[in-house]
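Q: The structure is given below, and queries will be raised subsequently.
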Amino acid sequence: MIECDLHIHSLRSSCGFHTLIEIVSIMREKGMRGFALTDHGVTLGTPKNHFSVMLRRLPRVIDGIRVLKGVESSVLTTEGELDLPEFEGYPYEIILAGLHPHAEFAENRGVVENTSALIKAMRRYPALRCITHPNYMSLPADMDALTDAAAEYNVALEINNSHLRNNKAHTEGIPRMLELMLKKDVPVMVNSDGHVFSEMGEFDQALSFLEPFGVDRFRLVNRTLESTLEFLGLEE
């Protein structure tokens with residue numbers, strides 16, 4: 001059903017449990033054709049040199065698995081600023097961004113400001129491809145406004161399996177978000193947000209929300225390796 005898990009954390013995120021090579025092995029065992037290494041930005045403790053080495057030296061394919069060079073950046077301010085380490089001439093293959101409880105969002109700023117910050121991040125960073133865990137219970141957003149912006153900027157919204165597993169998601173709002181995404185043709189990413197082997201490559205709870213609508217009706221960008229690369233504008 002899904003060939004690429006586009007939200008994975010390694011040891012470098014400090015909250016992850018596995019090395020890159022261990023993650024490659026886990027992905028192979030779970031039948032994935034590719035995954036994105038998307039460690040947190042520097043404000044959550046990932047060393048800046050991790051991103052430098054990843055972008056400059058990491059091969060695209062390891063043991064037959066396509067490894068996408070990415071980051072899950074945090075929205076730091078109400079103006080949509082991201083903690084995104086940049087290196088001239090070495091672009092990320094995938095940039096994810098979401099709200100996390102730190103910086104200006106250490107405390108919930110309310111639906112209006114949370115939503116505005118996410119929309120401003122989409123506008124400010126054209127390379128941003130996905131908003132992570134938009135149904136975060138601690139930092140809620142307005143789905144009508146968020147799906148409007150995601151449609152305008154062709155940014156995917158994520159159904160996050162780990163947030164569902166760990167009771168971090170506002171589940172009551174997901175069907176409404178999916179209805180709006182179908183209506184507006186907003187891209188969908190179903191990701192594990194895996195921090196440990198038992199989470200990585202697992203999508204059961206996330207997919208259960210899509211199934212009543214018909215999974216094939218959604219623009220599920222990471223369904224195959226080919227659809228993933230097409231959405232990101234990359235070569236295999």
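By convention here, the chains of the structure tokens are called A, B, ... in the order presented, each chain's residues are numbered starting at 1, and ligands are numbered starting at 1 in the order presented.
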Which of chain A end up as strand (DSSP E or B) when DSSP is run on this backbone - answer as an mmCIF file with all heavy atoms, in the first residue's frame?
A:
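File written: result06.cif
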```cif
data_model
loop_
_atom_site.group_PDB
_atom_site.id
_atom_site.type_symbol
_atom_site.label_atom_id
_atom_site.label_comp_id
_atom_site.auth_asym_id
_atom_site.auth_seq_id
_atom_site.Cartn_x
_atom_site.Cartn_y
_atom_site.Cartn_z
ATOM 1 N N CYS A 4 7.006 4.232 0.660
ATOM 2 C CA CYS A 4 7.998 5.170 1.191
ATOM 3 C C CYS A 4 7.480 5.800 2.474
ATOM 4 O O CYS A 4 6.407 6.418 2.475
ATOM 5 C CB CYS A 4 8.303 6.266 0.182
ATOM 6 S SG CYS A 4 9.143 5.691 -1.303
ATOM 7 N N ASP A 5 8.243 5.666 3.520
ATOM 8 C CA ASP A 5 7.935 6.314 4.793
ATOM 9 C C ASP A 5 8.746 7.602 4.838
ATOM 10 O O ASP A 5 9.972 7.573 4.925
ATOM 11 C CB ASP A 5 8.308 5.385 5.950
ATOM 12 C CG ASP A 5 7.780 5.859 7.294
ATOM 13 O OD1 ASP A 5 7.396 7.034 7.402
ATOM 14 O OD2 ASP A 5 7.769 5.047 8.242
ATOM 15 N N LEU A 6 8.055 8.735 4.785
ATOM 16 C CA LEU A 6 8.736 10.012 4.591
ATOM 17 C C LEU A 6 8.910 10.816 5.866
ATOM 18 O O LEU A 6 9.157 12.031 5.803
ATOM 19 C CB LEU A 6 7.985 10.830 3.537
ATOM 20 C CG LEU A 6 7.880 10.168 2.163
ATOM 21 C CD1 LEU A 6 7.146 11.066 1.182
ATOM 22 C CD2 LEU A 6 9.250 9.787 1.623
ATOM 23 N N HIS A 7 8.827 10.161 7.012
ATOM 24 C CA HIS A 7 9.023 10.872 8.291
ATOM 25 C C HIS A 7 9.634 9.890 9.283
ATOM 26 O O HIS A 7 8.936 9.138 9.959
ATOM 27 C CB HIS A 7 7.676 11.397 8.788
ATOM 28 C CG HIS A 7 7.752 12.296 9.970
ATOM 29 N ND1 HIS A 7 6.674 13.026 10.421
ATOM 30 C CD2 HIS A 7 8.768 12.606 10.822
ATOM 31 C CE1 HIS A 7 7.008 13.729 11.482
ATOM 32 N NE2 HIS A 7 8.281 13.477 11.755
ATOM 33 N N ILE A 8 10.980 9.901 9.354
ATOM 34 C CA ILE A 8 11.742 8.957 10.177
ATOM 35 C C ILE A 8 12.822 9.728 10.945
ATOM 36 O O ILE A 8 13.513 10.581 10.390
ATOM 37 C CB ILE A 8 12.421 7.881 9.296
ATOM 38 C CG1 ILE A 8 11.372 6.975 8.647
ATOM 39 C CG2 ILE A 8 13.412 7.059 10.107
ATOM 40 C CD1 ILE A 8 10.721 5.987 9.584
ATOM 41 N N GLY A 34 11.755 2.926 -0.034
ATOM 42 C CA GLY A 34 12.492 4.135 0.294
ATOM 43 C C GLY A 34 11.977 4.742 1.581
ATOM 44 O O GLY A 34 10.909 4.377 2.082
ATOM 45 N N PHE A 35 12.762 5.663 2.117
ATOM 46 C CA PHE A 35 12.327 6.415 3.293
ATOM 47 C C PHE A 35 13.073 7.740 3.312
ATOM 48 O O PHE A 35 14.100 7.915 2.647
ATOM 49 C CB PHE A 35 12.566 5.640 4.596
ATOM 50 C CG PHE A 35 14.009 5.514 5.006
ATOM 51 C CD1 PHE A 35 14.599 6.435 5.865
ATOM 52 C CD2 PHE A 35 14.776 4.458 4.538
ATOM 53 C CE1 PHE A 35 15.928 6.312 6.246
ATOM 54 C CE2 PHE A 35 16.105 4.321 4.916
ATOM 55 C CZ PHE A 35 16.689 5.248 5.770
ATOM 56 N N ALA A 36 12.535 8.676 4.064
ATOM 57 C CA ALA A 36 13.192 9.966 4.241
ATOM 58 C C ALA A 36 13.781 10.050 5.642
ATOM 59 O O ALA A 36 13.091 9.781 6.629
ATOM 60 C CB ALA A 36 12.202 11.104 4.003
ATOM 61 N N LEU A 37 15.035 10.399 5.707
ATOM 62 C CA LEU A 37 15.705 10.660 6.984
ATOM 63 C C LEU A 37 15.386 12.110 7.345
ATOM 64 O O LEU A 37 15.908 13.042 6.739
ATOM 65 C CB LEU A 37 17.205 10.446 6.840
ATOM 66 C CG LEU A 37 18.038 10.620 8.112
ATOM 67 C CD1 LEU A 37 17.662 9.574 9.154
ATOM 68 C CD2 LEU A 37 19.521 10.540 7.780
ATOM 69 N N HIS A 40 14.992 16.062 13.464
ATOM 70 C CA HIS A 40 14.541 17.389 13.894
ATOM 71 C C HIS A 40 15.589 18.449 13.568
ATOM 72 O O HIS A 40 16.783 18.157 13.443
ATOM 73 C CB HIS A 40 14.292 17.393 15.407
ATOM 74 C CG HIS A 40 13.065 16.655 15.818
ATOM 75 N ND1 HIS A 40 11.804 17.038 15.446
ATOM 76 C CD2 HIS A 40 12.904 15.554 16.603
ATOM 77 C CE1 HIS A 40 10.915 16.204 15.964
ATOM 78 N NE2 HIS A 40 11.557 15.296 16.670
ATOM 79 N N VAL A 61 21.193 5.800 -2.557
ATOM 80 C CA VAL A 61 20.702 4.428 -2.384
ATOM 81 C C VAL A 61 21.662 3.675 -1.473
ATOM 82 O O VAL A 61 22.872 3.703 -1.684
ATOM 83 C CB VAL A 61 20.573 3.707 -3.741
ATOM 84 C CG1 VAL A 61 20.113 2.266 -3.542
ATOM 85 C CG2 VAL A 61 19.595 4.451 -4.653
ATOM 86 N N ILE A 62 21.104 3.044 -0.448
ATOM 87 C CA ILE A 62 21.890 2.238 0.483
ATOM 88 C C ILE A 62 21.248 0.865 0.556
ATOM 89 O O ILE A 62 20.070 0.721 0.932
ATOM 90 C CB ILE A 62 21.945 2.864 1.888
ATOM 91 C CG1 ILE A 62 22.524 4.282 1.836
ATOM 92 C CG2 ILE A 62 22.772 1.994 2.839
ATOM 93 C CD1 ILE A 62 22.494 5.017 3.168
ATOM 94 N N ILE A 65 17.837 0.537 -0.934
ATOM 95 C CA ILE A 65 16.770 1.391 -0.410
ATOM 96 C C ILE A 65 17.082 2.854 -0.752
ATOM 97 O O ILE A 65 18.181 3.345 -0.475
ATOM 98 C CB ILE A 65 16.637 1.251 1.122
ATOM 99 C CG1 ILE A 65 16.348 -0.200 1.516
ATOM 100 C CG2 ILE A 65 15.553 2.178 1.648
ATOM 101 C CD1 ILE A 65 15.017 -0.725 1.046
ATOM 102 N N ARG A 66 16.120 3.538 -1.362
ATOM 103 C CA ARG A 66 16.289 4.961 -1.672
ATOM 104 C C ARG A 66 16.149 5.764 -0.379
ATOM 105 O O ARG A 66 15.115 5.695 0.303
ATOM 106 C CB ARG A 66 15.224 5.401 -2.686
ATOM 107 C CG ARG A 66 15.299 6.882 -3.078
ATOM 108 C CD ARG A 66 16.585 7.197 -3.842
ATOM 109 N NE ARG A 66 16.454 8.466 -4.580
ATOM 110 C CZ ARG A 66 16.785 9.661 -4.090
ATOM 111 N NH1 ARG A 66 17.229 9.754 -2.840
ATOM 112 N NH2 ARG A 66 16.648 10.741 -4.842
ATOM 113 N N VAL A 67 17.203 6.484 -0.022
ATOM 114 C CA VAL A 67 17.211 7.281 1.205
ATOM 115 C C VAL A 67 17.123 8.760 0.821
ATOM 116 O O VAL A 67 18.048 9.311 0.212
ATOM 117 C CB VAL A 67 18.473 7.017 2.046
ATOM 118 C CG1 VAL A 67 18.435 7.842 3.327
ATOM 119 C CG2 VAL A 67 18.597 5.531 2.376
ATOM 120 N N LEU A 68 16.011 9.392 1.169
ATOM 121 C CA LEU A 68 15.796 10.798 0.858
ATOM 122 C C LEU A 68 16.393 11.662 1.966
ATOM 123 O O LEU A 68 16.164 11.418 3.151
ATOM 124 C CB LEU A 68 14.302 11.084 0.716
ATOM 125 C CG LEU A 68 13.607 10.316 -0.414
ATOM 126 C CD1 LEU A 68 12.105 10.426 -0.273
ATOM 127 C CD2 LEU A 68 14.043 10.834 -1.764
ATOM 128 N N LYS A 69 17.135 12.667 1.562
ATOM 129 C CA LYS A 69 17.831 13.538 2.510
ATOM 130 C C LYS A 69 16.882 14.646 2.956
ATOM 131 O O LYS A 69 16.558 15.541 2.175
ATOM 132 C CB LYS A 69 19.069 14.126 1.844
ATOM 133 C CG LYS A 69 20.023 13.062 1.303
ATOM 134 C CD LYS A 69 21.140 13.689 0.491
ATOM 135 C CE LYS A 69 22.014 12.619 -0.145
ATOM 136 N NZ LYS A 69 23.141 13.216 -0.910
ATOM 137 N N GLY A 70 16.463 14.582 4.222
ATOM 138 C CA GLY A 70 15.435 15.515 4.649
ATOM 139 C C GLY A 70 15.626 16.062 6.044
ATOM 140 O O GLY A 70 16.649 15.863 6.696
ATOM 141 N N VAL A 71 14.593 16.764 6.484
ATOM 142 C CA VAL A 71 14.570 17.374 7.809
ATOM 143 C C VAL A 71 13.117 17.571 8.213
ATOM 144 O O VAL A 71 12.268 17.837 7.355
ATOM 145 C CB VAL A 71 15.319 18.733 7.812
ATOM 146 C CG1 VAL A 71 14.700 19.709 6.817
ATOM 147 C CG2 VAL A 71 15.373 19.358 9.196
ATOM 148 N N GLU A 72 12.831 17.378 9.496
ATOM 149 C CA GLU A 72 11.568 17.858 10.038
ATOM 150 C C GLU A 72 11.888 19.116 10.830
ATOM 151 O O GLU A 72 12.364 19.052 11.961
ATOM 152 C CB GLU A 72 10.869 16.844 10.947
ATOM 153 C CG GLU A 72 9.494 17.382 11.353
ATOM 154 C CD GLU A 72 8.821 16.650 12.504
ATOM 155 O OE1 GLU A 72 9.485 15.831 13.177
ATOM 156 O OE2 GLU A 72 7.639 16.919 12.751
ATOM 157 N N SER A 73 11.638 20.229 10.204
ATOM 158 C CA SER A 73 11.924 21.511 10.830
ATOM 159 C C SER A 73 10.769 21.923 11.732
ATOM 160 O O SER A 73 9.625 21.512 11.521
ATOM 161 C CB SER A 73 12.147 22.558 9.741
ATOM 162 O OG SER A 73 12.671 23.737 10.270
ATOM 163 N N SER A 74 11.068 22.728 12.723
ATOM 164 C CA SER A 74 10.049 23.269 13.613
ATOM 165 C C SER A 74 9.704 24.694 13.217
ATOM 166 O O SER A 74 10.582 25.476 12.854
ATOM 167 C CB SER A 74 10.544 23.268 15.070
ATOM 168 O OG SER A 74 10.645 21.961 15.567
ATOM 169 N N VAL A 75 8.429 25.016 13.307
ATOM 170 C CA VAL A 75 7.998 26.399 13.134
ATOM 171 C C VAL A 75 8.307 27.113 14.443
ATOM 172 O O VAL A 75 7.770 26.779 15.496
ATOM 173 C CB VAL A 75 6.498 26.475 12.808
ATOM 174 C CG1 VAL A 75 6.074 27.926 12.629
ATOM 175 C CG2 VAL A 75 6.173 25.669 11.555
ATOM 176 N N LEU A 82 11.414 28.894 10.202
ATOM 177 C CA LEU A 82 11.785 27.510 10.468
ATOM 178 C C LEU A 82 13.238 27.413 10.939
ATOM 179 O O LEU A 82 14.079 28.228 10.550
ATOM 180 C CB LEU A 82 11.632 26.653 9.204
ATOM 181 C CG LEU A 82 10.265 26.588 8.541
ATOM 182 C CD1 LEU A 82 10.318 25.672 7.322
ATOM 183 C CD2 LEU A 82 9.202 26.117 9.526
ATOM 184 N N ILE A 94 13.708 16.601 0.737
ATOM 185 C CA ILE A 94 12.374 16.768 1.300
ATOM 186 C C ILE A 94 12.473 17.583 2.585
ATOM 187 O O ILE A 94 13.328 17.311 3.437
ATOM 188 C CB ILE A 94 11.678 15.409 1.563
ATOM 189 C CG1 ILE A 94 10.272 15.628 2.131
ATOM 190 C CG2 ILE A 94 12.513 14.500 2.452
ATOM 191 C CD1 ILE A 94 9.427 14.354 2.175
ATOM 192 N N ILE A 95 11.613 18.579 2.686
ATOM 193 C CA ILE A 95 11.515 19.395 3.899
ATOM 194 C C ILE A 95 10.110 19.248 4.457
ATOM 195 O O ILE A 95 9.123 19.523 3.762
ATOM 196 C CB ILE A 95 11.813 20.878 3.622
ATOM 197 C CG1 ILE A 95 13.262 21.050 3.129
ATOM 198 C CG2 ILE A 95 11.582 21.711 4.880
ATOM 199 C CD1 ILE A 95 13.582 22.460 2.673
ATOM 200 N N LEU A 96 10.042 18.777 5.693
ATOM 201 C CA LEU A 96 8.801 18.724 6.450
ATOM 202 C C LEU A 96 8.866 19.822 7.510
ATOM 203 O O LEU A 96 9.946 20.197 7.949
ATOM 204 C CB LEU A 96 8.627 17.376 7.156
ATOM 205 C CG LEU A 96 8.940 16.086 6.409
ATOM 206 C CD1 LEU A 96 8.783 14.893 7.340
ATOM 207 C CD2 LEU A 96 8.068 15.933 5.189
ATOM 208 N N ALA A 97 7.722 20.295 7.951
ATOM 209 C CA ALA A 97 7.718 21.275 9.037
ATOM 210 C C ALA A 97 6.426 21.155 9.819
ATOM 211 O O ALA A 97 5.366 20.849 9.262
ATOM 212 C CB ALA A 97 7.880 22.690 8.501
ATOM 213 N N GLY A 98 6.526 21.396 11.117
ATOM 214 C CA GLY A 98 5.341 21.341 11.953
ATOM 215 C C GLY A 98 5.538 22.141 13.228
ATOM 216 O O GLY A 98 6.630 22.642 13.519
ATOM 217 N N LEU A 128 9.191 23.747 1.104
ATOM 218 C CA LEU A 128 8.457 22.981 2.112
ATOM 219 C C LEU A 128 7.425 22.100 1.427
ATOM 220 O O LEU A 128 6.579 22.588 0.681
ATOM 221 C CB LEU A 128 7.784 23.940 3.091
ATOM 222 C CG LEU A 128 6.853 23.346 4.158
ATOM 223 C CD1 LEU A 128 7.580 22.336 5.025
ATOM 224 C CD2 LEU A 128 6.266 24.467 5.016
ATOM 225 N N ARG A 129 7.460 20.800 1.702
ATOM 226 C CA ARG A 129 6.591 19.862 0.981
ATOM 227 C C ARG A 129 5.497 19.256 1.830
ATOM 228 O O ARG A 129 4.562 18.650 1.306
ATOM 229 C CB ARG A 129 7.430 18.721 0.358
ATOM 230 C CG ARG A 129 8.545 19.159 -0.556
ATOM 231 C CD ARG A 129 8.100 20.148 -1.637
ATOM 232 N NE ARG A 129 7.177 19.563 -2.588
ATOM 233 C CZ ARG A 129 6.005 20.097 -2.938
ATOM 234 N NH1 ARG A 129 5.593 21.228 -2.378
ATOM 235 N NH2 ARG A 129 5.238 19.512 -3.818
ATOM 236 N N CYS A 130 5.588 19.355 3.154
ATOM 237 C CA CYS A 130 4.581 18.710 3.998
ATOM 238 C C CYS A 130 4.515 19.370 5.365
ATOM 239 O O CYS A 130 5.549 19.692 5.948
ATOM 240 C CB CYS A 130 4.910 17.223 4.161
ATOM 241 S SG CYS A 130 3.747 16.308 5.212
ATOM 242 N N ILE A 131 3.288 19.544 5.849
ATOM 243 C CA ILE A 131 3.056 19.970 7.229
ATOM 244 C C ILE A 131 2.827 18.710 8.062
ATOM 245 O O ILE A 131 1.914 17.919 7.792
ATOM 246 C CB ILE A 131 1.838 20.895 7.337
ATOM 247 C CG1 ILE A 131 2.070 22.186 6.538
ATOM 248 C CG2 ILE A 131 1.515 21.207 8.798
ATOM 249 C CD1 ILE A 131 3.203 23.043 7.029
ATOM 250 N N TYR A 136 -2.289 17.884 15.721
ATOM 251 C CA TYR A 136 -1.638 17.812 17.025
ATOM 252 C C TYR A 136 -2.573 18.379 18.096
ATOM 253 O O TYR A 136 -2.966 19.544 18.053
ATOM 254 C CB TYR A 136 -0.340 18.607 16.959
ATOM 255 C CG TYR A 136 0.640 18.394 18.089
ATOM 256 C CD1 TYR A 136 0.427 17.459 19.089
ATOM 257 C CD2 TYR A 136 1.803 19.154 18.134
ATOM 258 C CE1 TYR A 136 1.343 17.287 20.111
ATOM 259 C CE2 TYR A 136 2.740 18.988 19.138
ATOM 260 C CZ TYR A 136 2.501 18.051 20.132
ATOM 261 O OH TYR A 136 3.414 17.877 21.138
ATOM 262 N N ALA A 156 1.651 18.965 1.043
ATOM 263 C CA ALA A 156 0.925 17.835 1.611
ATOM 264 C C ALA A 156 0.648 18.059 3.094
ATOM 265 O O ALA A 156 1.421 18.721 3.795
ATOM 266 C CB ALA A 156 1.713 16.542 1.424
ATOM 267 N N LEU A 157 -0.460 17.503 3.557
ATOM 268 C CA LEU A 157 -0.749 17.422 4.984
ATOM 269 C C LEU A 157 -0.609 15.970 5.406
ATOM 270 O O LEU A 157 -0.984 15.048 4.674
ATOM 271 C CB LEU A 157 -2.157 17.937 5.286
ATOM 272 C CG LEU A 157 -2.424 19.400 4.905
ATOM 273 C CD1 LEU A 157 -3.845 19.784 5.303
ATOM 274 C CD2 LEU A 157 -1.419 20.340 5.557
ATOM 275 N N GLU A 158 -0.072 15.764 6.585
ATOM 276 C CA GLU A 158 0.302 14.432 7.044
ATOM 277 C C GLU A 158 -0.754 13.817 7.948
ATOM 278 O O GLU A 158 -1.320 14.482 8.818
ATOM 279 C CB GLU A 158 1.623 14.521 7.803
ATOM 280 C CG GLU A 158 2.129 13.196 8.358
ATOM 281 C CD GLU A 158 3.335 13.372 9.252
ATOM 282 O OE1 GLU A 158 3.195 14.000 10.323
ATOM 283 O OE2 GLU A 158 4.415 12.899 8.876
ATOM 284 N N ILE A 159 -0.998 12.521 7.740
ATOM 285 C CA ILE A 159 -1.689 11.698 8.721
ATOM 286 C C ILE A 159 -0.593 10.910 9.430
ATOM 287 O O ILE A 159 0.079 10.079 8.818
ATOM 288 C CB ILE A 159 -2.720 10.749 8.081
ATOM 289 C CG1 ILE A 159 -3.620 11.508 7.096
ATOM 290 C CG2 ILE A 159 -3.544 10.065 9.158
ATOM 291 C CD1 ILE A 159 -4.465 12.584 7.749
ATOM 292 N N ASN A 160 -0.394 11.194 10.689
ATOM 293 C CA ASN A 160 0.781 10.745 11.434
ATOM 294 C C ASN A 160 0.430 9.539 12.302
ATOM 295 O O ASN A 160 -0.310 9.657 13.271
ATOM 296 C CB ASN A 160 1.282 11.924 12.279
ATOM 297 C CG ASN A 160 2.568 11.642 13.008
ATOM 298 O OD1 ASN A 160 2.654 10.706 13.803
ATOM 299 N ND2 ASN A 160 3.578 12.463 12.767
ATOM 300 N N ALA A 169 -2.925 12.892 18.789
ATOM 301 C CA ALA A 169 -3.707 13.464 17.701
ATOM 302 C C ALA A 169 -5.140 13.735 18.131
ATOM 303 O O ALA A 169 -5.732 12.959 18.889
ATOM 304 C CB ALA A 169 -3.702 12.526 16.500
ATOM 305 N N VAL A 188 -1.803 14.176 0.243
ATOM 306 C CA VAL A 188 -1.771 13.499 1.538
ATOM 307 C C VAL A 188 -0.465 12.728 1.672
ATOM 308 O O VAL A 188 -0.027 12.064 0.728
ATOM 309 C CB VAL A 188 -2.940 12.495 1.684
ATOM 310 C CG1 VAL A 188 -2.933 11.859 3.072
ATOM 311 C CG2 VAL A 188 -4.270 13.157 1.403
ATOM 312 N N MET A 189 0.157 12.816 2.840
ATOM 313 C CA MET A 189 1.238 11.906 3.199
ATOM 314 C C MET A 189 0.797 11.100 4.407
ATOM 315 O O MET A 189 0.327 11.683 5.393
ATOM 316 C CB MET A 189 2.530 12.651 3.552
ATOM 317 C CG MET A 189 3.336 13.116 2.380
ATOM 318 S SD MET A 189 4.964 13.730 2.923
ATOM 319 C CE MET A 189 5.471 14.595 1.425
ATOM 320 N N VAL A 190 0.914 9.798 4.312
ATOM 321 C CA VAL A 190 0.699 8.925 5.458
ATOM 322 C C VAL A 190 2.072 8.450 5.902
ATOM 323 O O VAL A 190 2.752 7.721 5.176
ATOM 324 C CB VAL A 190 -0.208 7.735 5.102
ATOM 325 C CG1 VAL A 190 -0.263 6.737 6.256
ATOM 326 C CG2 VAL A 190 -1.610 8.224 4.764
ATOM 327 N N ASN A 191 2.497 8.901 7.076
ATOM 328 C CA ASN A 191 3.844 8.616 7.567
ATOM 329 C C ASN A 191 3.811 7.993 8.953
ATOM 330 O O ASN A 191 2.838 8.144 9.691
ATOM 331 C CB ASN A 191 4.668 9.909 7.633
ATOM 332 C CG ASN A 191 5.019 10.458 6.271
ATOM 333 O OD1 ASN A 191 5.286 9.701 5.341
ATOM 334 N ND2 ASN A 191 5.018 11.776 6.138
ATOM 335 N N GLY A 194 8.367 7.544 12.733
ATOM 336 C CA GLY A 194 8.985 6.503 13.545
ATOM 337 C C GLY A 194 10.227 6.971 14.271
ATOM 338 O O GLY A 194 11.129 7.568 13.681
ATOM 339 N N LEU A 220 -2.383 10.373 -2.579
ATOM 340 C CA LEU A 220 -1.473 9.842 -1.564
ATOM 341 C C LEU A 220 -0.077 9.791 -2.172
ATOM 342 O O LEU A 220 0.268 8.865 -2.906
ATOM 343 C CB LEU A 220 -1.945 8.454 -1.128
ATOM 344 C CG LEU A 220 -1.147 7.716 -0.055
ATOM 345 C CD1 LEU A 220 -0.932 8.580 1.175
ATOM 346 C CD2 LEU A 220 -1.846 6.411 0.312
#
```
Q: At a cut-off of 8 Å, can you tabulate as JSON lines every residue of segment 83-176 of chain A near segment 44-56 of chain A together with its closest atom pair and the distance in Å to one decimal, using only C-alpha atoms and ordering rows by chain then number?
A:
```
{"residue": "A:Pro85", "atom": "CA", "partner": "A:Lys48", "partner_atom": "CA", "distance": 6.6}
{"residue": "A:Phe87", "atom": "CA", "partner": "A:Ser52", "partner_atom": "CA", "distance": 7.0}
{"residue": "A:Tyr90", "atom": "CA", "partner": "A:Leu55", "partner_atom": "CA", "distance": 5.9}
{"residue": "A:Pro91", "atom": "CA", "partner": "A:Leu55", "partner_atom": "CA", "distance": 7.1}
{"residue": "A:Tyr92", "atom": "CA", "partner": "A:Leu55", "partner_atom": "CA", "distance": 6.8}
```
Q: From the list A:Val112, A:Leu58, A:Met137, A:Leu234, which residue is nearest His100 of chain A when using only C-alpha atoms?
A: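 Residue with the minimum atom-to-atom distance to His100 of chain A: A:Met137.
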Q: Find, counting only C-alpha atoms, the residue in A:Glu199, A:Glu79, A:Asp142, A:Asp148 that gets nearest to Ile174 of chain A.
A: A:Asp142
Q: Quick one: everything within 10 Å of Met177 of chain A, counting only C-alpha atoms, minus sequence neighbours fewer than 5 positions away in the same chain. Send it as a tab-separated table (two decimals) with all heavy atoms, in the first residue's frame.
A:
```tsv
chain	number	residue	atom	x	y	z
A	134	PRO	N	-0.68	17.86	11.53
A	134	PRO	CA	-1.53	19.05	11.64
A	134	PRO	C	-2.67	18.88	12.65
A	134	PRO	O	-3.29	19.88	13.04
A	134	PRO	CB	-2.08	19.23	10.22
A	134	PRO	CG	-2.03	17.86	9.63
A	134	PRO	CD	-0.80	17.22	10.21
A	135	ASN	N	-2.93	17.65	13.06
A	135	ASN	CA	-3.98	17.37	14.05
A	135	ASN	C	-3.42	17.24	15.46
A	135	ASN	O	-4.03	16.59	16.32
A	135	ASN	CB	-4.74	16.09	13.69
A	135	ASN	CG	-5.36	16.16	12.32
A	135	ASN	OD1	-4.80	15.65	11.37
A	135	ASN	ND2	-6.51	16.82	12.22
A	142	ASP	N	-6.76	25.44	12.38
A	142	ASP	CA	-8.03	25.58	11.66
A	142	ASP	C	-7.90	24.84	10.33
A	142	ASP	O	-7.17	25.28	9.43
A	142	ASP	CB	-8.33	27.06	11.43
A	142	ASP	CG	-9.59	27.31	10.63
A	142	ASP	OD1	-10.13	26.38	10.01
A	142	ASP	OD2	-10.05	28.47	10.62
A	143	MET	N	-8.63	23.74	10.17
A	143	MET	CA	-8.47	22.91	8.98
A	143	MET	C	-9.02	23.57	7.72
A	143	MET	O	-8.53	23.30	6.63
A	143	MET	CB	-9.12	21.55	9.22
A	143	MET	CG	-8.35	20.70	10.19
A	143	MET	SD	-6.63	20.46	9.66
A	143	MET	CE	-5.78	20.52	11.23
A	144	ASP	N	-10.03	24.39	7.83
A	144	ASP	CA	-10.53	25.08	6.64
A	144	ASP	C	-9.45	25.97	6.05
A	144	ASP	O	-9.16	25.92	4.85
A	144	ASP	CB	-11.77	25.91	7.00
A	144	ASP	CG	-12.99	25.04	7.26
A	144	ASP	OD1	-13.70	24.74	6.30
A	144	ASP	OD2	-13.21	24.66	8.42
A	146	LEU	N	-6.16	25.92	6.76
A	146	LEU	CA	-4.93	25.18	6.47
A	146	LEU	C	-5.05	24.42	5.15
A	146	LEU	O	-4.11	24.40	4.35
A	146	LEU	CB	-4.61	24.21	7.62
A	146	LEU	CG	-3.22	23.58	7.59
A	146	LEU	CD1	-2.14	24.65	7.74
A	146	LEU	CD2	-3.08	22.54	8.71
A	147	THR	N	-6.20	23.81	4.89
A	147	THR	CA	-6.36	23.09	3.62
A	147	THR	C	-6.44	24.04	2.44
A	147	THR	O	-5.97	23.71	1.35
A	147	THR	CB	-7.60	22.17	3.66
A	147	THR	OG1	-8.75	22.93	4.07
A	147	THR	CG2	-7.39	21.01	4.62
A	157	LEU	N	-0.46	17.50	3.56
A	157	LEU	CA	-0.75	17.42	4.98
A	157	LEU	C	-0.61	15.97	5.41
A	157	LEU	O	-0.98	15.05	4.67
A	157	LEU	CB	-2.16	17.94	5.29
A	157	LEU	CG	-2.42	19.40	4.90
A	157	LEU	CD1	-3.84	19.78	5.30
A	157	LEU	CD2	-1.42	20.34	5.56
A	159	ILE	N	-1.00	12.52	7.74
A	159	ILE	CA	-1.69	11.70	8.72
A	159	ILE	C	-0.59	10.91	9.43
A	159	ILE	O	0.08	10.08	8.82
A	159	ILE	CB	-2.72	10.75	8.08
A	159	ILE	CG1	-3.62	11.51	7.10
A	159	ILE	CG2	-3.54	10.06	9.16
A	159	ILE	CD1	-4.46	12.58	7.75
A	172	GLU	N	-10.92	13.36	16.42
A	172	GLU	CA	-12.24	13.79	15.98
A	172	GLU	C	-12.16	14.74	14.78
A	172	GLU	O	-13.10	14.83	13.99
A	172	GLU	CB	-13.00	14.47	17.12
A	172	GLU	CG	-13.38	13.54	18.27
A	172	GLU	CD	-12.24	13.31	19.26
A	172	GLU	OE1	-11.13	13.86	19.03
A	172	GLU	OE2	-12.46	12.58	20.24
A	182	LEU	N	-10.04	16.09	0.20
A	182	LEU	CA	-10.63	15.51	-1.01
A	182	LEU	C	-11.26	16.59	-1.88
A	182	LEU	O	-11.07	16.63	-3.10
A	182	LEU	CB	-11.68	14.46	-0.64
A	182	LEU	CG	-11.21	13.04	-0.38
A	182	LEU	CD1	-12.39	12.17	0.05
A	182	LEU	CD2	-10.55	12.44	-1.62
A	183	LYS	N	-12.02	17.45	-1.25
A	183	LYS	CA	-12.72	18.51	-1.98
A	183	LYS	C	-11.75	19.44	-2.68
A	183	LYS	O	-12.01	19.89	-3.82
A	183	LYS	CB	-13.59	19.30	-0.99
A	183	LYS	CG	-14.39	20.42	-1.61
A	183	LYS	CD	-15.22	21.13	-0.55
A	183	LYS	CE	-16.02	22.30	-1.15
A	183	LYS	NZ	-16.83	22.98	-0.11
```
Q: Counting only C-alpha atoms, which of A:Asp185, A:Glu202, A:Glu230, A:Asp83 gets nearest to Val42 of chain A?
A: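 Nearest to Val42 of chain A: A:Asp83.
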